[in-house]
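File shown: work-v4.cif (mmCIF, C-alpha atoms).
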```
data_start
loop_
_atom_site.label_atom_id
_atom_site.label_comp_id
_atom_site.auth_asym_id
_atom_site.auth_seq_id
_atom_site.Cartn_x
_atom_site.Cartn_y
_atom_site.Cartn_z
CA MET A 1 -3.92 22.89 22.38
CA SER A 2 -7.37 24.21 23.20
CA ASP A 3 -10.23 23.48 20.76
CA HIS A 4 -11.08 27.18 20.75
CA PRO A 5 -7.81 28.95 21.57
CA THR A 6 -7.97 32.59 22.57
CA ARG A 7 -4.62 33.41 24.18
CA ILE A 8 -1.81 32.35 21.86
CA GLY A 9 1.82 32.36 23.00
CA LEU A 10 4.20 33.38 20.22
CA LEU A 11 7.89 32.54 20.06
CA SER A 12 10.57 32.72 17.39
CA ASP A 13 14.28 32.44 16.73
CA ILE A 14 15.07 29.97 19.50
CA HIS A 15 18.47 29.31 17.94
CA GLY A 16 19.58 26.34 19.97
CA ASN A 17 19.24 28.14 23.30
CA ALA A 18 17.48 25.58 25.49
CA VAL A 19 17.99 27.55 28.71
CA ALA A 20 16.16 30.56 27.30
CA LEU A 21 13.45 28.34 25.81
CA GLU A 22 12.84 26.68 29.17
CA ALA A 23 12.38 30.09 30.80
CA VAL A 24 9.94 31.23 28.13
CA LEU A 25 7.90 28.04 28.16
CA GLU A 26 7.62 28.18 31.94
CA GLU A 27 6.08 31.65 31.68
CA MET A 28 3.68 30.54 28.94
CA ASP A 29 2.29 27.44 30.64
CA ASP A 30 -1.21 28.95 30.84
CA MET A 31 -1.58 29.66 27.12
CA ASP A 32 -4.37 28.08 25.08
CA ALA A 33 -1.86 27.38 22.30
CA LEU A 34 1.73 28.08 21.25
CA VAL A 35 3.11 29.00 17.83
CA CYS A 36 6.74 29.25 16.65
CA ALA A 37 7.94 31.45 13.77
CA GLY A 38 11.01 29.37 12.99
CA ASP A 39 14.77 29.16 13.43
CA VAL A 40 14.76 26.55 16.14
CA VAL A 41 18.45 25.86 15.46
CA GLY A 42 21.59 27.84 14.60
CA TYR A 43 24.01 29.89 16.74
CA GLY A 44 23.31 28.06 20.01
CA PRO A 45 24.68 24.94 21.73
CA SER A 46 21.52 22.84 22.19
CA PRO A 47 19.82 22.45 18.80
CA GLY A 48 18.62 18.91 19.35
CA GLN A 49 17.22 19.66 22.79
CA CYS A 50 15.32 22.66 21.43
CA ILE A 51 13.81 20.58 18.64
CA GLU A 52 12.65 17.99 21.15
CA MET A 53 11.14 20.64 23.43
CA VAL A 54 9.13 22.03 20.51
CA ARG A 55 8.18 18.60 19.18
CA GLU A 56 7.00 17.18 22.48
CA ARG A 57 4.59 20.10 22.84
CA SER A 58 3.39 19.77 19.23
CA ILE A 59 4.00 23.50 18.67
CA PRO A 60 3.08 24.52 15.10
CA THR A 61 6.35 25.77 13.62
CA VAL A 62 7.50 27.18 10.29
CA GLU A 63 10.87 26.87 8.59
CA GLY A 64 13.46 29.52 9.35
CA ASN A 65 16.50 30.28 7.23
CA HIS A 66 18.87 28.57 9.68
CA ASP A 67 16.61 25.52 9.85
CA ARG A 68 16.77 25.36 6.06
CA ALA A 69 20.55 25.90 6.02
CA VAL A 70 21.11 22.97 8.36
CA VAL A 71 18.84 20.66 6.38
CA ASN A 72 20.55 21.61 3.11
CA ASP A 73 24.08 21.45 4.58
CA GLN A 74 24.66 25.07 3.62
CA PRO A 75 25.55 26.58 7.00
CA TYR A 76 25.64 30.32 7.58
CA GLU A 77 27.82 30.06 10.67
CA THR A 78 29.43 27.71 13.20
CA GLY A 79 26.21 27.10 15.12
CA ASP A 80 24.65 25.72 11.93
CA GLN A 81 27.71 23.52 11.40
CA TYR A 82 27.42 22.21 14.95
CA ALA A 83 23.72 21.45 14.47
CA SER A 84 24.44 19.64 11.20
CA ARG A 85 26.95 17.38 12.98
CA THR A 86 24.94 16.69 16.12
CA LEU A 87 21.28 16.40 15.12
CA SER A 88 19.82 12.93 14.72
CA GLU A 89 18.31 11.89 11.40
CA GLU A 90 14.87 12.10 12.99
CA GLN A 91 15.53 15.67 14.10
CA ARG A 92 16.84 16.65 10.67
CA SER A 93 13.74 15.08 9.11
CA TRP A 94 11.52 17.15 11.41
CA LEU A 95 13.30 20.32 10.28
CA ALA A 96 13.02 19.29 6.63
CA ASP A 97 9.25 18.86 6.96
CA LEU A 98 8.63 22.35 8.34
CA PRO A 99 6.45 24.42 5.97
CA ARG A 100 7.28 27.95 4.85
CA GLU A 101 4.03 29.30 6.34
CA ARG A 102 1.04 28.15 8.34
CA LEU A 103 -2.54 29.35 8.59
CA LEU A 104 -3.93 28.49 12.01
CA PHE A 105 -7.07 28.88 14.10
CA ASP A 106 -9.59 28.90 11.23
CA GLY A 107 -7.29 31.10 9.16
CA ARG A 108 -7.18 33.89 11.71
CA LEU A 109 -3.43 33.68 12.31
CA LYS A 110 -0.69 33.36 9.71
CA VAL A 111 2.90 32.63 10.68
CA VAL A 112 5.92 32.93 8.39
CA HIS A 113 9.56 33.37 9.35
CA ASP A 114 10.67 36.26 7.18
CA HIS A 115 8.20 38.05 4.87
CA PRO A 116 4.83 36.82 3.58
CA GLU A 117 5.83 37.34 -0.05
CA GLU A 118 9.61 36.91 -0.20
CA GLN A 119 11.79 34.28 1.44
CA ASN A 120 14.79 35.56 3.45
CA ARG A 121 13.56 39.15 3.33
CA TYR A 122 13.82 41.03 6.62
CA THR A 123 10.58 42.67 7.75
CA ARG A 124 11.87 45.30 10.14
CA PRO A 125 9.62 47.34 12.48
CA ALA A 126 9.62 50.33 10.13
CA ALA A 127 8.10 48.09 7.44
CA PHE A 128 5.17 46.92 9.57
CA GLU A 129 2.08 48.09 7.73
CA PRO A 130 -1.45 46.79 7.07
CA THR A 131 -0.56 45.84 3.48
CA LEU A 132 1.41 42.88 4.91
CA LEU A 133 -1.90 41.37 6.00
CA ASP A 134 -3.97 39.21 3.68
CA ASP A 135 -7.19 37.62 4.98
CA GLU A 136 -5.72 36.74 8.38
CA ASP A 137 -6.32 38.81 11.52
CA VAL A 138 -2.79 38.30 12.88
CA LEU A 139 0.49 37.98 10.98
CA VAL A 140 3.41 36.59 12.99
CA LEU A 141 6.95 37.13 11.72
CA GLY A 142 10.47 36.39 12.97
CA HIS A 143 13.94 36.63 11.40
CA THR A 144 15.02 40.12 12.62
CA HIS A 145 15.36 39.15 16.32
CA VAL A 146 13.72 42.51 17.10
CA GLN A 147 10.54 42.48 19.16
CA HIS A 148 7.79 44.72 17.77
CA ALA A 149 4.05 44.83 17.15
CA GLU A 150 1.62 47.11 15.35
CA VAL A 151 -2.16 47.00 15.72
CA PHE A 152 -4.06 48.23 12.67
CA ALA A 153 -7.75 48.49 11.87
CA ASP A 154 -7.35 45.40 9.66
CA GLY A 155 -5.35 43.31 12.11
CA ILE A 156 -2.07 42.84 13.95
CA VAL A 157 1.48 42.43 12.63
CA ILE A 158 3.88 41.14 15.26
CA ASN A 159 7.40 39.87 15.70
CA PRO A 160 7.59 38.27 19.16
CA GLY A 161 11.36 38.79 19.19
CA SER A 162 14.03 36.17 19.67
CA VAL A 163 13.93 33.59 22.42
CA GLY A 164 17.56 32.61 22.09
CA GLN A 165 19.49 35.54 20.62
CA PRO A 166 17.77 38.95 20.92
CA ARG A 167 19.21 41.79 18.84
CA ASP A 168 17.26 44.76 20.17
CA ARG A 169 19.79 45.58 22.91
CA ASP A 170 17.79 43.70 25.55
CA PRO A 171 19.45 40.37 26.41
CA ASP A 172 16.34 38.90 28.04
CA ALA A 173 14.49 36.18 26.12
CA ALA A 174 11.55 37.55 24.16
CA TYR A 175 8.06 36.26 23.50
CA ALA A 176 4.56 37.65 22.96
CA VAL A 177 0.93 36.84 23.67
CA VAL A 178 -1.91 37.63 21.31
CA ASP A 179 -5.59 37.49 22.31
CA LEU A 180 -7.71 36.52 19.30
CA ASP A 181 -10.95 37.59 20.98
CA ALA A 182 -9.82 41.00 22.20
CA MET A 183 -7.43 41.47 19.26
CA THR A 184 -4.68 42.67 21.57
CA VAL A 185 -1.00 41.81 21.84
CA ASP A 186 1.38 41.93 24.80
CA LEU A 187 5.17 41.85 24.48
CA HIS A 188 7.14 40.07 27.19
CA ARG A 189 10.75 39.51 28.27
CA VAL A 190 12.12 37.00 30.74
CA SER A 191 15.62 36.74 32.18
CA TYR A 192 17.52 33.46 32.05
CA ASP A 193 20.96 32.10 32.92
CA ILE A 194 23.02 33.55 30.07
CA GLU A 195 26.30 32.45 31.68
CA GLU A 196 25.15 28.83 31.57
CA VAL A 197 24.49 29.11 27.83
CA GLN A 198 27.90 30.73 27.34
CA ARG A 199 29.54 27.84 29.20
CA ARG A 200 27.73 25.37 26.96
CA ILE A 201 28.94 27.20 23.86
CA GLU A 202 32.52 27.10 25.17
CA ASN A 203 32.26 23.31 25.25
CA THR A 204 31.37 23.10 21.57
CA SER A 205 32.99 24.09 18.28
CA ILE A 206 30.73 27.15 18.03
CA ASP A 207 32.41 30.54 17.62
CA SER A 208 32.82 32.37 20.96
CA TYR A 209 31.20 35.46 19.40
CA ASN A 210 27.88 33.64 19.61
CA ALA A 211 28.36 33.50 23.38
CA GLU A 212 29.59 37.07 23.83
CA ARG A 213 26.70 38.69 21.96
CA LEU A 214 24.12 37.14 24.30
CA THR A 215 25.16 39.51 27.07
CA ARG A 216 24.73 42.55 24.83
CA GLY A 217 21.46 41.57 23.21
CA ARG A 218 23.00 42.29 19.81
#
```
Here is a file; write its structure as C-alpha cells.
Amino acid sequence: MSDHPTRIGLLSDIHGNAVALEAVLEEMDDMDALVCAGDVVGYGPSPGQCIEMVRERSIPTVEGNHDRAVVNDQPYETGDQYASRTLSEEQRSWLADLPRERLLFDGRLKVVHDHPEEQNRYTRPAAFEPTLLDDEDVLVLGHTHVQHAEVFADGIVINPGSVGQPRDRDPDAAYAVVDLDAMTVDLHRVSYDIEEVQRRIENTSIDSYNAERLTRGR
C-alpha cells in the first residue's frame, strides 16, 4: 500500500468466487491501495482461497453478513455451510476479527458492508444521499450486489458491486476505482470464466442455483 494513496481499488461481495477475484485483481494491479467491503465467503466454491488472496495482499476488509454467519455457525445458505465445513481455524479466526467498519487514509474513506448506522440494512441506489456521509469524503458500501455511485458536493457514496455474484443483470465481475485527489469514481466490469466456477460448484455440496444465477447476473 502506498504511503500517500490516491487511486483506491474498491471491491466487495467476493462470495467465494476465486476465478472472478483473480480477474479483478489482475485489472487492479496498478492501484495505490485496495479496500474490500466484506462478504469474502458465502455462495461460492472457493471461500478459503478467496480469504488467502485477500490476506496475502493485506487488503483492509470489513465484516459482511455472510462472513459473520459462517463465524457464528448460523448459515444463510449452502455456500455458508460449505465454508463452515472447509475453512481452516486460522481462516475462521481471520473472519472473526474483521471489524464492522473501517476509517482509512486519514479518515477520508469509510467502508462498511451494509449501512453506516444499521447492520444488515440494504442501502440500495435509490437511498444514496449525502446524509449517509459523516466526516469522511468517500463512503464505500456493499451488500446489495448492485454497482452504483453518486457524487455529491459533500463527498462520494459508492457500491463497487459484487466481484463474485453480481445482481444487477450484468454477470461480469464488478469493481470500482476512486481517486481521492480528484474526488472522482469510475465503475468497472471484467469478464471471467463463469463456466469454470459453475464446474467447481458442481463438485461441492453447494446448491446448483448458486451456479445458475452467475450466468444471469441475478
TODO: Work out how far CA of Glu136 in chain A is from CA of Asp13 in chain A, in Å to one decimal.
DONE: 22.1 Å
Open item on the list: List the spatial neighbours of Arg199 in chain A as JSON, numbers by chain - criterion: any atom at most 10 Å away, only C-alpha atoms, same-chain residues fewer than 4 positions off excluded.
Closed with: {"A": [45, 194, 195, 203, 204, 208, 211]}
- [ ] Counting all atoms listed in the file, figure out which residue out of A:Asp172, A:Asp80, A:Gly164, A:Asp207 gets nearest to Tyr192 in chain A.
- [x] A:Asp172
Task: Among listed residues A:Asp137, A:Asp168, A:Asp154, A:Glu101, nearest Asp181 in chain A (using all atoms listed in the file) - done: A:Asp137
What residues come out when you apply the PyMOL selection byres ((chain A and resi 212) around 12) to this file, written as a compact mmCIF listing (two decimals) with C-alpha atoms, keeping the file's coordinate frame?
```
# COMPACT_ATOMS: atom_id res chain seq x y z
CA TYR A 43 24.01 29.89 16.74
CA GLY A 44 23.31 28.06 20.01
CA GLN A 165 19.49 35.54 20.62
CA PRO A 171 19.45 40.37 26.41
CA ILE A 194 23.02 33.55 30.07
CA GLU A 195 26.30 32.45 31.68
CA VAL A 197 24.49 29.11 27.83
CA GLN A 198 27.90 30.73 27.34
CA ARG A 199 29.54 27.84 29.20
CA ILE A 201 28.94 27.20 23.86
CA GLU A 202 32.52 27.10 25.17
CA ILE A 206 30.73 27.15 18.03
CA ASP A 207 32.41 30.54 17.62
CA SER A 208 32.82 32.37 20.96
CA TYR A 209 31.20 35.46 19.40
CA ASN A 210 27.88 33.64 19.61
CA ALA A 211 28.36 33.50 23.38
CA ARG A 213 26.70 38.69 21.96
CA LEU A 214 24.12 37.14 24.30
CA THR A 215 25.16 39.51 27.07
CA ARG A 216 24.73 42.55 24.83
CA GLY A 217 21.46 41.57 23.21
CA ARG A 218 23.00 42.29 19.81
```
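Between CA of Glu63 in chain A and CA of His148 in chain A the interatomic distance comes to 20.3 Å.
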Task: Atom-to-atom span, CA of Glu22 in chain A and CA of Ala173 in chain A, Å - done: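 Between these atoms lies a distance of 10.1 Å.
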Open item on the list: Since I can't run it myself right now, could you work out what the PyMOL selection byres ((chain A and resi 184) around 10) selects here and report it as an NGL selection string?
Closed with: :A and (7 or 138 or 150-151 or 155-156 or 177-183 or 185-186)
Selected residues written out with C-alpha atoms, as a PDB file, in the coordinates of the input:
```pdb
ATOM      1  CA  ARG A   7      -4.620  33.410  24.180  1.00  0.00           C
ATOM      2  CA  VAL A 138      -2.790  38.300  12.880  1.00  0.00           C
ATOM      3  CA  GLU A 150       1.620  47.110  15.350  1.00  0.00           C
ATOM      4  CA  VAL A 151      -2.160  47.000  15.720  1.00  0.00           C
ATOM      5  CA  GLY A 155      -5.350  43.310  12.110  1.00  0.00           C
ATOM      6  CA  ILE A 156      -2.070  42.840  13.950  1.00  0.00           C
ATOM      7  CA  VAL A 177       0.930  36.840  23.670  1.00  0.00           C
ATOM      8  CA  VAL A 178      -1.910  37.630  21.310  1.00  0.00           C
ATOM      9  CA  ASP A 179      -5.590  37.490  22.310  1.00  0.00           C
ATOM     10  CA  LEU A 180      -7.710  36.520  19.300  1.00  0.00           C
ATOM     11  CA  ASP A 181     -10.950  37.590  20.980  1.00  0.00           C
ATOM     12  CA  ALA A 182      -9.820  41.000  22.200  1.00  0.00           C
ATOM     13  CA  MET A 183      -7.430  41.470  19.260  1.00  0.00           C
ATOM     14  CA  VAL A 185      -1.000  41.810  21.840  1.00  0.00           C
ATOM     15  CA  ASP A 186       1.380  41.930  24.800  1.00  0.00           C
TER      16      ASP A 186
END
```
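All protein, DNA and RNA residues at most 8 Å from (14.4, 46.8, 16.7) are Arg124, Pro125, Thr144, His145, Val146, Gln147, His148, Arg167 and Asp168 of chain A, using all atoms listed in the file.
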TODO: Go through A:Thr78, A:Ser162, A:Gln119, A:Thr131 one by one, measure the shortest atom-to-atom distance of each to Ser205 in chain A using all atoms listed in the file, and give the residue with the smallest value.
DONE: A:Thr78
- [ ] Name the residues that the PyMOL selection byres ((chain A and resi 102-116) around 6) pulls out of this structure, and write them as number ranges by chain.
- [x] A: 37-38, 64, 101, 117-118, 120-123, 136-143
Task: Nearest-residue call for Ile59 in chain A, choices A:Ser93, A:Ser12, A:Asn17, A:Asn72, using all atoms listed in the file - done: A:Ser12
